>>> print(open('entry23.txt').read())   # compact mmCIF, C-alpha atoms
# COMPACT_ATOMS: atom_id res chain seq x y z
CA MET A 1 18.98 -123.88 -15.99
CA MET A 2 16.38 -121.17 -15.58
CA ILE A 3 18.24 -117.99 -16.46
CA LYS A 4 19.04 -117.57 -20.13
CA PRO A 5 20.49 -114.64 -22.05
CA LEU A 6 17.70 -112.25 -23.04
CA ASP A 7 17.27 -110.70 -26.42
CA GLN A 8 14.20 -108.52 -26.31
CA ALA A 9 14.69 -104.99 -25.03
CA VAL A 10 12.27 -102.15 -24.45
CA GLY A 11 11.72 -100.05 -27.58
CA SER A 12 13.73 -96.86 -27.95
CA ILE A 13 10.65 -94.65 -28.01
CA GLU A 14 9.34 -96.14 -24.75
CA ALA A 15 12.75 -95.68 -23.13
CA MET A 16 12.93 -92.07 -24.37
CA LYS A 17 9.50 -91.36 -22.91
CA ALA A 18 10.60 -92.77 -19.57
CA VAL A 19 13.77 -90.63 -19.51
CA PHE A 20 11.77 -87.53 -20.45
CA ALA A 21 9.11 -88.24 -17.82
CA ARG A 22 11.67 -88.74 -15.07
CA ASP A 23 13.45 -85.48 -15.89
CA MET A 24 10.15 -83.61 -15.83
CA LYS A 25 9.20 -85.14 -12.52
CA VAL A 26 12.55 -84.33 -10.92
CA ALA A 27 12.38 -80.75 -12.23
CA PHE A 28 8.93 -80.15 -10.80
CA ARG A 29 10.11 -81.40 -7.41
CA GLN A 30 12.71 -78.64 -7.50
CA ARG A 31 10.75 -75.69 -8.78
CA GLN A 32 13.20 -72.98 -7.70
CA ASP A 33 15.72 -74.37 -10.20
CA LEU A 34 13.10 -73.97 -12.91
CA LEU A 35 12.51 -70.33 -12.01
CA ASN A 36 16.18 -69.29 -12.06
CA PRO A 37 16.63 -68.96 -15.84
CA LEU A 38 13.27 -67.21 -16.12
CA LEU A 39 14.10 -64.72 -13.39
CA PHE A 40 17.49 -64.04 -14.97
CA PHE A 41 15.81 -63.46 -18.33
CA MET A 42 13.32 -61.02 -16.82
CA MET A 43 15.94 -59.18 -14.80
CA VAL A 44 18.27 -58.58 -17.74
CA VAL A 45 15.44 -57.33 -19.92
CA THR A 46 14.01 -55.03 -17.22
CA LEU A 47 17.42 -53.66 -16.21
CA PHE A 48 18.42 -52.67 -19.74
CA PRO A 49 16.04 -49.70 -20.07
CA LEU A 50 17.10 -48.55 -16.59
CA GLY A 51 20.80 -48.91 -17.25
CA VAL A 52 21.05 -47.69 -20.84
CA SER A 53 18.10 -45.63 -21.96
CA PRO A 54 14.35 -45.77 -21.54
CA GLU A 55 13.84 -43.98 -24.89
CA ILE A 56 11.17 -45.71 -26.94
CA SER A 57 13.17 -45.40 -30.16
CA PHE A 58 16.24 -47.03 -28.59
CA LEU A 59 14.24 -49.85 -27.06
CA GLN A 60 12.40 -50.55 -30.30
CA GLU A 61 15.69 -50.84 -32.10
CA ALA A 62 17.61 -52.84 -29.47
CA GLY A 63 14.71 -54.75 -27.90
CA ALA A 64 14.92 -57.91 -30.00
CA GLY A 65 18.68 -58.10 -29.50
CA ILE A 66 18.33 -57.63 -25.75
CA LEU A 67 15.75 -60.39 -25.50
CA TRP A 68 17.81 -62.77 -27.63
CA VAL A 69 21.02 -62.18 -25.67
CA ALA A 70 19.17 -62.56 -22.37
CA ALA A 71 17.56 -65.81 -23.56
CA LEU A 72 20.91 -67.14 -24.77
CA LEU A 73 22.62 -66.36 -21.47
CA SER A 74 19.86 -67.85 -19.35
CA VAL A 75 19.99 -71.09 -21.36
CA LEU A 76 23.78 -71.06 -20.88
CA LEU A 77 23.33 -70.65 -17.12
CA SER A 78 21.04 -73.68 -16.92
CA LEU A 79 23.28 -75.99 -18.95
CA ASP A 80 25.50 -77.19 -16.15
CA HIS A 81 22.47 -78.81 -14.48
CA LEU A 82 21.62 -80.83 -17.57
CA PHE A 83 23.80 -83.82 -16.66
CA ARG A 84 25.43 -82.78 -13.38
CA HIS A 85 22.88 -84.17 -10.90
CA ASP A 86 22.55 -87.40 -12.90
CA PHE A 87 26.33 -87.71 -12.91
CA ASP A 88 26.56 -87.21 -9.15
CA ASP A 89 23.90 -89.76 -8.16
CA GLY A 90 24.84 -92.42 -10.72
CA THR A 91 21.72 -92.10 -12.88
CA LEU A 92 23.96 -91.25 -15.82
CA GLU A 93 25.91 -94.52 -15.51
CA GLN A 94 22.64 -96.41 -15.64
CA LEU A 95 21.53 -94.34 -18.64
CA VAL A 96 24.71 -95.15 -20.56
CA LEU A 97 24.23 -98.85 -19.75
CA GLN A 98 20.69 -98.97 -21.09
CA PRO A 99 20.39 -101.23 -24.13
CA GLN A 100 18.79 -98.52 -26.27
CA PRO A 101 20.98 -96.23 -28.44
CA LEU A 102 22.42 -93.61 -26.12
CA PHE A 103 21.99 -90.72 -28.55
CA LEU A 104 18.21 -91.18 -28.44
CA LEU A 105 18.18 -91.14 -24.64
CA VAL A 106 20.37 -88.03 -24.66
CA LEU A 107 17.96 -86.46 -27.16
CA ALA A 108 15.11 -87.15 -24.72
CA LYS A 109 17.04 -85.48 -21.91
CA THR A 110 17.84 -82.50 -24.14
CA MET A 111 14.20 -82.18 -25.13
CA ALA A 112 13.23 -82.16 -21.46
CA HIS A 113 15.83 -79.44 -20.87
CA TRP A 114 14.33 -77.33 -23.65
CA VAL A 115 10.76 -77.79 -22.40
CA LEU A 116 11.91 -76.73 -18.93
CA THR A 117 14.09 -73.73 -19.90
CA GLY A 118 13.74 -72.68 -23.56
CA LEU A 119 10.00 -73.01 -23.89
CA PRO A 120 9.16 -70.88 -20.81
CA LEU A 121 11.43 -68.15 -22.20
CA VAL A 122 9.50 -68.21 -25.48
CA LEU A 123 6.21 -68.01 -23.58
CA LEU A 124 7.43 -65.03 -21.55
CA THR A 125 8.72 -63.17 -24.60
CA PRO A 126 5.42 -61.48 -25.65
CA VAL A 127 5.15 -59.81 -22.22
CA LEU A 128 8.73 -58.60 -22.22
CA GLY A 129 8.42 -57.63 -25.89
CA VAL A 130 5.60 -55.23 -25.02
CA MET A 131 7.77 -53.85 -22.21
CA VAL A 132 10.50 -52.87 -24.69
CA HIS A 133 7.91 -51.33 -27.04
CA LEU A 134 8.18 -53.86 -29.86
CA ASP A 135 5.18 -53.82 -32.20
CA GLY A 136 2.93 -56.82 -32.61
CA ASN A 137 4.52 -58.10 -35.79
CA SER A 138 8.06 -57.91 -34.37
CA ILE A 139 6.95 -59.74 -31.24
CA ALA A 140 5.42 -62.53 -33.30
CA ILE A 141 8.58 -62.88 -35.40
CA LEU A 142 10.76 -62.73 -32.27
CA CYS A 143 8.76 -65.51 -30.63
CA LEU A 144 9.05 -67.59 -33.77
CA THR A 145 12.84 -67.15 -33.94
CA LEU A 146 13.17 -68.05 -30.27
CA LEU A 147 10.91 -71.05 -30.76
CA ILE A 148 13.24 -72.34 -33.49
CA GLY A 149 16.44 -71.05 -31.88
CA THR A 150 16.21 -72.13 -28.24
CA PRO A 151 16.10 -75.89 -29.05
CA VAL A 152 19.32 -75.33 -31.00
CA LEU A 153 20.82 -73.71 -27.89
CA SER A 154 19.83 -76.71 -25.76
CA LEU A 155 21.12 -79.25 -28.27
CA ILE A 156 24.49 -77.59 -28.78
CA GLY A 157 24.77 -76.80 -25.09
CA ALA A 158 24.31 -80.47 -24.24
CA ILE A 159 27.57 -81.27 -26.06
CA GLY A 160 29.45 -78.77 -23.90
CA ALA A 161 27.74 -79.92 -20.72
CA ALA A 162 28.64 -83.53 -21.49
CA LEU A 163 32.26 -82.68 -22.30
CA THR A 164 32.85 -80.68 -19.12
CA LEU A 165 31.09 -83.15 -16.85
CA GLY A 166 34.23 -84.58 -15.29
CA LEU A 167 35.56 -81.17 -14.30
CA ARG A 168 35.00 -79.71 -10.89
CA SER A 169 34.50 -76.11 -12.02
CA ALA A 170 33.06 -76.46 -15.46
CA GLY A 171 31.25 -73.11 -15.67
CA VAL A 172 33.80 -70.92 -17.44
CA LEU A 173 35.09 -73.63 -19.75
CA LEU A 174 31.54 -74.56 -20.72
CA SER A 175 30.79 -70.97 -21.69
CA LEU A 176 34.03 -70.65 -23.66
CA LEU A 177 33.28 -73.85 -25.55
CA ILE A 178 29.68 -73.11 -26.30
CA ILE A 179 29.42 -69.35 -26.94
CA PRO A 180 31.20 -69.43 -30.33
CA LEU A 181 28.70 -72.04 -31.49
CA TYR A 182 25.80 -69.91 -30.25
CA ILE A 183 26.85 -66.81 -32.18
CA PRO A 184 25.43 -67.84 -35.60
CA VAL A 185 22.09 -68.64 -33.99
CA LEU A 186 22.08 -65.25 -32.27
CA ILE A 187 22.98 -63.39 -35.48
CA PHE A 188 20.25 -65.03 -37.52
CA GLY A 189 17.74 -64.82 -34.69
CA THR A 190 18.10 -61.07 -34.24
CA GLY A 191 18.63 -60.58 -37.98
CA THR A 192 15.20 -62.00 -38.65
CA VAL A 193 13.51 -59.50 -36.35
CA ALA A 194 15.53 -56.60 -37.78
CA ALA A 195 14.56 -57.60 -41.31
CA ALA A 196 10.92 -57.86 -40.29
CA ALA A 197 11.05 -54.37 -38.73
CA GLU A 198 12.28 -52.95 -42.06
CA GLY A 199 9.50 -54.75 -43.88
CA ALA A 200 11.90 -57.11 -45.69
CA PRO A 201 10.90 -60.73 -46.25
CA VAL A 202 12.02 -63.03 -43.44
CA GLY A 203 11.49 -66.40 -45.12
CA ALA A 204 15.17 -66.92 -45.89
CA TYR A 205 16.23 -66.06 -42.33
CA LEU A 206 13.70 -68.44 -40.85
CA ALA A 207 14.74 -71.15 -43.29
CA LEU A 208 18.35 -70.74 -42.16
CA LEU A 209 17.35 -70.94 -38.50
CA GLY A 210 15.33 -74.03 -39.36
CA ALA A 211 18.39 -75.50 -41.05
CA PHE A 212 20.38 -74.89 -37.84
CA LEU A 213 17.71 -76.73 -35.91
CA VAL A 214 17.70 -79.71 -38.27
CA LEU A 215 21.49 -79.85 -38.22
CA ALA A 216 21.59 -79.68 -34.43
CA LEU A 217 18.82 -82.26 -34.05
CA THR A 218 20.57 -84.78 -36.27
CA LEU A 219 24.18 -84.27 -35.17
CA ALA A 220 24.29 -82.89 -31.63
CA PRO A 221 22.82 -85.96 -29.85
CA PHE A 222 25.58 -88.17 -31.33
CA ALA A 223 28.26 -85.74 -30.15
CA SER A 224 26.69 -85.43 -26.69
CA ALA A 225 26.40 -89.20 -26.34
CA ALA A 226 30.05 -89.70 -27.32
CA ALA A 227 31.12 -86.92 -24.92
CA LEU A 228 29.13 -88.50 -22.09
CA LYS A 229 30.85 -91.83 -22.61
CA VAL A 230 34.26 -90.17 -22.51
CA SER A 231 33.42 -88.20 -19.38
CA LEU A 232 32.14 -91.31 -17.60
CA SER A 233 35.09 -93.38 -18.73
CA ASN A 234 37.47 -90.88 -17.17
CA SER A 235 35.61 -90.48 -13.90
CA MET B 1 30.42 -127.47 -18.70
CA SER B 2 28.34 -124.57 -19.93
CA GLU B 3 29.47 -121.72 -22.16
CA PRO B 4 31.01 -118.77 -20.30
CA LEU B 5 28.86 -115.63 -20.33
CA LEU B 6 31.76 -113.23 -20.19
CA GLN B 7 35.34 -114.00 -21.02
CA ALA B 8 38.28 -111.70 -20.39
CA ILE B 9 41.52 -112.37 -22.24
CA ASN B 10 44.75 -110.62 -21.28
CA LEU B 11 43.05 -107.59 -19.80
CA GLN B 12 45.34 -104.74 -19.00
CA CYS B 13 44.57 -101.43 -17.38
CA GLU B 14 46.62 -98.40 -16.53
CA ARG B 15 45.42 -95.49 -14.48
CA ASP B 16 47.43 -92.32 -13.98
CA LYS B 17 50.52 -94.03 -15.41
CA ARG B 18 50.23 -96.82 -12.86
CA GLU B 19 49.49 -100.32 -14.03
CA LEU B 20 46.56 -101.79 -12.12
CA PHE B 21 46.64 -105.23 -13.71
CA HIS B 22 47.97 -106.97 -16.80
CA ASP B 23 47.49 -110.35 -18.48
CA LEU B 24 44.30 -110.81 -16.54
CA SER B 25 42.31 -113.66 -18.06
CA PHE B 26 39.21 -115.25 -16.61
CA SER B 27 35.78 -116.54 -17.52
CA ILE B 28 32.48 -115.81 -15.84
CA LEU B 29 30.36 -118.94 -16.08
CA PRO B 30 26.62 -119.14 -15.52
CA ALA B 31 25.62 -120.23 -12.02
CA THR B 32 28.72 -118.86 -10.32
CA VAL B 33 29.46 -116.21 -7.76
CA THR B 34 32.81 -114.47 -8.12
CA ARG B 35 34.27 -112.15 -5.55
CA VAL B 36 36.86 -109.62 -6.71
CA GLU B 37 39.34 -109.04 -3.92
CA GLY B 38 42.16 -106.63 -3.38
CA ALA B 39 43.35 -103.77 -1.22
CA ASN B 40 42.03 -100.22 -1.60
CA GLY B 41 43.19 -98.85 -4.91
CA SER B 42 43.97 -102.25 -6.39
CA GLY B 43 41.48 -101.67 -9.20
CA LYS B 44 38.38 -103.59 -8.12
CA THR B 45 35.98 -100.83 -9.09
CA THR B 46 37.93 -100.14 -12.27
CA LEU B 47 37.73 -103.81 -13.26
CA LEU B 48 33.98 -103.88 -12.70
CA ARG B 49 33.52 -100.68 -14.67
CA ILE B 50 35.55 -102.17 -17.51
CA LEU B 51 33.46 -105.34 -17.45
CA ALA B 52 30.24 -103.30 -17.42
CA GLY B 53 31.38 -101.24 -20.41
CA LEU B 54 31.66 -97.91 -18.59
CA SER B 55 35.40 -97.50 -18.91
CA ASP B 56 37.40 -97.46 -22.12
CA ALA B 57 40.82 -97.33 -20.47
CA TRP B 58 41.81 -100.93 -21.06
CA ALA B 59 43.51 -103.23 -23.51
CA GLY B 60 42.88 -106.88 -24.23
CA GLN B 61 39.78 -108.75 -25.26
CA LEU B 62 36.33 -109.11 -23.79
CA LEU B 63 33.99 -111.73 -25.18
CA TRP B 64 30.28 -111.87 -24.48
CA CYS B 65 28.87 -115.36 -25.15
CA GLY B 66 31.91 -116.02 -27.35
CA GLU B 67 31.60 -112.86 -29.46
CA PRO B 68 33.66 -109.67 -29.11
CA ARG B 69 31.67 -107.41 -26.83
CA SER B 70 31.83 -104.34 -29.08
CA ARG B 71 30.05 -106.32 -31.79
CA VAL B 72 27.15 -107.40 -29.61
CA ARG B 73 26.93 -104.28 -27.49
CA GLU B 74 23.15 -103.99 -27.41
CA SER B 75 22.58 -107.58 -26.37
CA PHE B 76 25.43 -107.29 -23.88
CA LEU B 77 23.89 -104.22 -22.24
CA ARG B 78 20.50 -105.88 -22.02
CA ASN B 79 22.00 -108.89 -20.26
CA VAL B 80 24.19 -107.19 -17.69
CA LEU B 81 23.14 -105.35 -14.58
CA TYR B 82 25.72 -103.05 -13.02
CA LEU B 83 25.27 -101.45 -9.61
CA GLY B 84 28.03 -99.05 -8.64
CA HIS B 85 28.99 -96.93 -5.66
CA ARG B 86 26.46 -94.43 -6.90
CA PRO B 87 23.40 -96.55 -7.47
CA GLY B 88 21.38 -94.13 -9.60
CA ILE B 89 18.81 -93.21 -6.99
CA LYS B 90 17.36 -89.71 -7.40
CA PRO B 91 17.01 -88.03 -3.99
CA LEU B 92 13.94 -86.09 -5.11
CA LEU B 93 11.99 -89.13 -6.27
CA SER B 94 10.37 -91.74 -4.06
CA PRO B 95 11.67 -95.34 -3.96
CA LEU B 96 8.76 -96.44 -6.13
CA GLU B 97 9.39 -93.74 -8.75
CA ASN B 98 13.10 -94.48 -8.73
CA LEU B 99 12.61 -98.18 -9.19
CA ARG B 100 10.07 -97.66 -11.94
CA ALA B 101 12.40 -95.27 -13.80
CA LEU B 102 15.36 -97.67 -13.48
CA MET B 103 13.33 -100.58 -14.83
CA ALA B 104 11.63 -98.59 -17.61
CA GLY B 105 14.38 -99.12 -20.17
CA ARG B 106 14.88 -102.79 -19.37
CA ARG B 107 11.80 -104.50 -18.05
CA PRO B 108 8.80 -102.25 -17.36
CA MET B 109 6.74 -103.55 -14.46
CA GLY B 110 3.48 -102.74 -12.79
CA ASN B 111 3.32 -100.90 -9.49
CA LYS B 112 2.28 -104.03 -7.66
CA ALA B 113 5.43 -106.00 -8.49
CA LEU B 114 7.59 -102.98 -7.67
CA MET B 115 5.84 -102.42 -4.34
CA GLN B 116 6.38 -106.07 -3.48
CA ALA B 117 10.09 -105.81 -4.25
CA LEU B 118 10.38 -102.69 -2.09
CA ALA B 119 8.49 -104.39 0.73
CA ARG B 120 10.86 -107.34 0.55
CA THR B 121 13.86 -105.05 1.02
CA GLY B 122 12.23 -103.61 4.13
CA LEU B 123 10.97 -100.40 2.59
CA ALA B 124 7.25 -101.05 3.14
CA GLY B 125 5.63 -97.79 4.13
CA TYR B 126 8.41 -95.73 2.55
CA GLU B 127 7.40 -96.28 -1.08
CA GLN B 128 6.13 -92.74 -1.55
CA VAL B 129 8.65 -90.84 0.61
CA PRO B 130 11.26 -88.85 -1.35
CA CYS B 131 14.57 -90.71 -1.07
CA ARG B 132 16.43 -87.74 0.40
CA HIS B 133 14.39 -88.25 3.58
CA LEU B 134 15.63 -91.84 3.83
CA SER B 135 18.83 -92.99 5.51
CA ALA B 136 21.90 -94.02 3.52
CA GLY B 137 21.17 -97.67 4.14
CA GLN B 138 17.55 -97.29 3.06
CA GLN B 139 18.68 -95.60 -0.14
CA ARG B 140 20.99 -98.55 -0.82
CA ARG B 141 18.03 -100.83 -0.26
CA VAL B 142 16.13 -99.07 -3.04
CA ALA B 143 18.96 -100.03 -5.38
CA LEU B 144 18.88 -103.58 -4.01
CA ALA B 145 15.14 -103.82 -4.67
CA ARG B 146 16.22 -103.67 -8.26
CA LEU B 147 18.05 -106.97 -7.85
CA LEU B 148 14.79 -108.58 -6.77
CA VAL B 149 13.09 -107.70 -10.05
CA ALA B 150 16.16 -107.97 -12.30
CA ASP B 151 16.21 -110.65 -14.99
CA GLU B 152 19.72 -110.03 -16.35
CA PRO B 153 21.89 -113.19 -16.36
CA LEU B 154 25.02 -111.34 -15.23
CA TRP B 155 25.19 -108.98 -12.25
CA LEU B 156 28.18 -106.77 -11.56
CA LEU B 157 27.85 -105.43 -8.03
CA ASP B 158 30.32 -102.93 -6.67
CA GLU B 159 30.24 -102.62 -2.88
CA VAL B 160 26.55 -103.52 -2.55
CA PHE B 161 26.93 -104.30 1.14
CA THR B 162 27.93 -100.75 2.08
CA ALA B 163 25.65 -99.13 4.66
CA ILE B 164 23.48 -102.24 4.88
CA ASP B 165 22.70 -103.65 8.35
CA ALA B 166 23.49 -107.21 9.44
CA SER B 167 20.10 -108.69 8.55
CA GLY B 168 20.26 -106.97 5.17
CA VAL B 169 23.69 -108.47 4.49
CA VAL B 170 22.32 -111.95 5.18
CA ALA B 171 19.39 -111.28 2.87
CA ILE B 172 21.72 -110.25 0.05
CA GLU B 173 23.95 -113.28 0.63
CA ASN B 174 20.90 -115.51 0.29
CA LEU B 175 19.74 -113.64 -2.78
CA LEU B 176 23.10 -114.04 -4.54
CA GLN B 177 23.22 -117.70 -3.63
CA GLU B 178 19.70 -118.30 -4.96
CA ARG B 179 20.63 -116.40 -8.06
CA ALA B 180 23.59 -118.67 -8.73
CA ALA B 181 21.44 -121.74 -8.07
CA GLU B 182 19.02 -120.53 -10.74
CA GLY B 183 21.85 -120.19 -13.25
CA GLY B 184 22.70 -116.49 -12.96
CA ALA B 185 26.24 -115.19 -12.64
CA VAL B 186 27.30 -112.64 -10.05
CA VAL B 187 30.57 -110.72 -9.79
CA PHE B 188 30.88 -108.55 -6.69
CA THR B 189 33.32 -106.61 -4.57
CA THR B 190 33.04 -106.00 -0.87
CA HIS B 191 35.10 -105.29 2.21
CA HIS B 192 32.51 -107.03 4.36
CA ASN B 193 32.96 -110.53 5.63
CA VAL B 194 30.49 -112.21 3.34
CA GLN B 195 29.84 -115.94 3.33
CA ILE B 196 28.49 -117.39 0.12
CA ALA B 197 29.17 -121.06 -0.46
CA GLY B 198 31.11 -121.86 -3.63
CA THR B 199 32.37 -118.32 -4.17
CA LYS B 200 35.25 -118.04 -6.61
CA ARG B 201 37.93 -115.51 -5.79
CA LEU B 202 39.57 -113.12 -8.21
CA VAL B 203 42.45 -111.47 -6.40
CA LEU B 204 43.95 -108.24 -7.66
CA THR B 205 47.38 -107.44 -6.26
CA PRO B 206 49.55 -104.70 -7.73
CA GLY B 207 51.54 -106.09 -10.62
CA ALA B 208 50.44 -109.69 -10.15
CA VAL B 209 47.09 -111.33 -10.50
CA GLY B 210 45.80 -114.60 -9.20
CA TYR B 211 42.62 -116.39 -10.15
CA ASP B 212 41.61 -119.20 -7.94
CA ASP B 213 38.77 -121.54 -8.86
>>> encode(input="entry23.txt", output="structure tokens")
Amino acid sequence: MMIKPLDQAVGSIEAMKAVFARDMKVAFRQRQDLLNPLLFFMMVVTLFPLGVSPEISFLQEAGAGILWVAALLSVLLSLDHLFRHDFDDGTLEQLVLQPQPLFLLVLAKTMAHWVLTGLPLVLLTPVLGVMVHLDGNSIAILCLTLLIGTPVLSLIGAIGAALTLGLRSAGVLLSLLIIPLYIPVLIFGTGTVAAAAEGAPVGAYLALLGAFLVLALTLAPFASAAALKVSLSNS
Amino acid sequence: MSEPLLQAINLQCERDKRELFHDLSFSILPATVTRVEGANGSGKTTLLRILAGLSDAWAGQLLWCGEPRSRVRESFLRNVLYLGHRPGIKPLLSPLENLRALMAGRRPMGNKALMQALARTGLAGYEQVPCRHLSAGQQRRVALARLLVADEPLWLLDEVFTAIDASGVVAIENLLQERAAEGGAVVFTTHHNVQIAGTKRLVLTPGAVGYDD
């Protein structure tokens, strides 16, 4: 007999790289989807001074909060796409059936999501920060908090996206599930910038944000992977 | 008599409070082709999804090479290829990119081997065209190219003949037959009139189940 059961599988790291690379490739074939969260982010931040007050003092005080809320909402908007297309075309079934641990593959997908949505927001922040009259130090701190905070948003959001995958209109439920978990990140993110503006030390705030990130990195992929299996099992 | 690859003992499945099958026991031996038959809604797809490990809505026992499947999950997943209604083809990627991505976690291959597989399924010249520009049948053929490079001993194929033209159906029949001759096991569902010599039949009828060797 020629065909025998196989034992060697591709290493997890190799498989993660392949998942990441495919997601990047698909995203760059569909660039308008990449621009949506960025445009939303820019629109919210530019509309605030027009709608509320263009006073420099107001903007300096509220600027960091506005940017954080806008970043949070634009990540939230992009979450539904994280697994939806893969679910529809069957890629997700094949992902779940790969011999590597699913949580690592989900982590690779979540990392791709962050690189495609969170990271561009961080890169755009200095420009928008100048627009709302934040000083250089505040902008630097704000960027740092977003750099630590947006991966947390992607990681936690992936759990919600995986849980609501089987539903036809997942949007509202996804937001309801995820927003409460985002609030601590938002509070500490904006708190850091506020503390920096008053000249207080920000080390403790950043350490807490970092702790959120470590917690999300170690736990969220397991939860997302379990949620994906449940959603696929029920479909 | 060789060891069964996959053994199902008293499988039972309920969906939406309706029992699809119960006390379903069978073995999938190497070098066999098994066709799962039944009317629409009789649970063919559900059975294949259960066997593949995608669905948890079942009771009973599943053994992989004599061991409970949950205990040897990694080795089980490496040894089973499942192709469903939705074959995992990304419309934005080309056939070559799709095939490469699907093989990456199992058996990475060079472009040359992948191109050959695509050419054999009749996709020569389309390797670099995004799949959304291809017809439904051509997209199915991308998924079938995967069978040509697959080394898994057990294939679970759900409706692989859908949207495939007559010559393609013959090619798949031959492929499955060759596969069985080499010692692989194939379980498939289809509504097509498919002729593969030595096919076992697994018939799902509501409430009662027959297995005919």
>>> atom_distance(input="entry23.txt", atom1="CA of Leu163 (chain A)", atom2="CA of Ala227 (chain A)")
5.1 Å
>>> interface_residues(input="entry23.txt", of="chain A", to="chain B", cutoff="9 Å", atoms="only C-alpha atoms", output="PyMOL selection string")
chain A and resi 1-12+14-16+18-19+21-22+25-26+29-30+85-101+229-230+232-235
>>> write_last_selection(input="entry23.txt", atoms="C-alpha atoms", output="PDB file, in the coordinates of the input")
ATOM      1  CA  MET A   1      18.980-123.880 -15.990  1.00  0.00           C
ATOM      2  CA  MET A   2      16.380-121.170 -15.580  1.00  0.00           C
ATOM      3  CA  ILE A   3      18.240-117.990 -16.460  1.00  0.00           C
ATOM      4  CA  LYS A   4      19.040-117.570 -20.130  1.00  0.00           C
ATOM      5  CA  PRO A   5      20.490-114.640 -22.050  1.00  0.00           C
ATOM      6  CA  LEU A   6      17.700-112.250 -23.040  1.00  0.00           C
ATOM      7  CA  ASP A   7      17.270-110.700 -26.420  1.00  0.00           C
ATOM      8  CA  GLN A   8      14.200-108.520 -26.310  1.00  0.00           C
ATOM      9  CA  ALA A   9      14.690-104.990 -25.030  1.00  0.00           C
ATOM     10  CA  VAL A  10      12.270-102.150 -24.450  1.00  0.00           C
ATOM     11  CA  GLY A  11      11.720-100.050 -27.580  1.00  0.00           C
ATOM     12  CA  SER A  12      13.730 -96.860 -27.950  1.00  0.00           C
ATOM     13  CA  GLU A  14       9.340 -96.140 -24.750  1.00  0.00           C
ATOM     14  CA  ALA A  15      12.750 -95.680 -23.130  1.00  0.00           C
ATOM     15  CA  MET A  16      12.930 -92.070 -24.370  1.00  0.00           C
ATOM     16  CA  ALA A  18      10.600 -92.770 -19.570  1.00  0.00           C
ATOM     17  CA  VAL A  19      13.770 -90.630 -19.510  1.00  0.00           C
ATOM     18  CA  ALA A  21       9.110 -88.240 -17.820  1.00  0.00           C
ATOM     19  CA  ARG A  22      11.670 -88.740 -15.070  1.00  0.00           C
ATOM     20  CA  LYS A  25       9.200 -85.140 -12.520  1.00  0.00           C
ATOM     21  CA  VAL A  26      12.550 -84.330 -10.920  1.00  0.00           C
ATOM     22  CA  ARG A  29      10.110 -81.400  -7.410  1.00  0.00           C
ATOM     23  CA  GLN A  30      12.710 -78.640  -7.500  1.00  0.00           C
ATOM     24  CA  HIS A  85      22.880 -84.170 -10.900  1.00  0.00           C
ATOM     25  CA  ASP A  86      22.550 -87.400 -12.900  1.00  0.00           C
ATOM     26  CA  PHE A  87      26.330 -87.710 -12.910  1.00  0.00           C
ATOM     27  CA  ASP A  88      26.560 -87.210  -9.150  1.00  0.00           C
ATOM     28  CA  ASP A  89      23.900 -89.760  -8.160  1.00  0.00           C
ATOM     29  CA  GLY A  90      24.840 -92.420 -10.720  1.00  0.00           C
ATOM     30  CA  THR A  91      21.720 -92.100 -12.880  1.00  0.00           C
ATOM     31  CA  LEU A  92      23.960 -91.250 -15.820  1.00  0.00           C
ATOM     32  CA  GLU A  93      25.910 -94.520 -15.510  1.00  0.00           C
ATOM     33  CA  GLN A  94      22.640 -96.410 -15.640  1.00  0.00           C
ATOM     34  CA  LEU A  95      21.530 -94.340 -18.640  1.00  0.00           C
ATOM     35  CA  VAL A  96      24.710 -95.150 -20.560  1.00  0.00           C
ATOM     36  CA  LEU A  97      24.230 -98.850 -19.750  1.00  0.00           C
ATOM     37  CA  GLN A  98      20.690 -98.970 -21.090  1.00  0.00           C
ATOM     38  CA  PRO A  99      20.390-101.230 -24.130  1.00  0.00           C
ATOM     39  CA  GLN A 100      18.790 -98.520 -26.270  1.00  0.00           C
ATOM     40  CA  PRO A 101      20.980 -96.230 -28.440  1.00  0.00           C
ATOM     41  CA  LYS A 229      30.850 -91.830 -22.610  1.00  0.00           C
ATOM     42  CA  VAL A 230      34.260 -90.170 -22.510  1.00  0.00           C
ATOM     43  CA  LEU A 232      32.140 -91.310 -17.600  1.00  0.00           C
ATOM     44  CA  SER A 233      35.090 -93.380 -18.730  1.00  0.00           C
ATOM     45  CA  ASN A 234      37.470 -90.880 -17.170  1.00  0.00           C
ATOM     46  CA  SER A 235      35.610 -90.480 -13.900  1.00  0.00           C
TER      47      SER A 235
END
>>> closest_residue(input="entry23.txt", among="A:Leu134, A:Ile148, A:Leu73, A:Leu177", to="Phe58 (chain A)", atoms="all atoms listed in the file")
A:Leu134
>>> closest_residue(input="entry23.txt", among="A:Ala223, A:Leu82, A:Leu215, A:Ile187", to="Gly65 (chain A)", atoms="only C-alpha atoms")
A:Ile187
>>> atom_distance(input="entry23.txt", atom1="CA of Thr34 (chain B)", atom2="CA of Glu67 (chain B)")
21.4 Å
>>> residues_around(input="entry23.txt", residues="region 44-51 of chain A", least_positions_apart="2", cutoff="10 Å", atoms="all atoms listed in the file", output="ChimeraX atom specification")
/A:39-42,53-56,58-59,62-63,66-71,73-74,128-129,131-132
>>> atom_distance(input="entry23.txt", atom1="CA of Tyr205 (chain A)", atom2="CA of Ser57 (chain A)")
24.2 Å
>>> closest_residue(input="entry23.txt", among="A:Val130, A:Ala64, A:Val106, A:Gly199", to="Asp23 (chain A)", atoms="all atoms listed in the file")
A:Val106
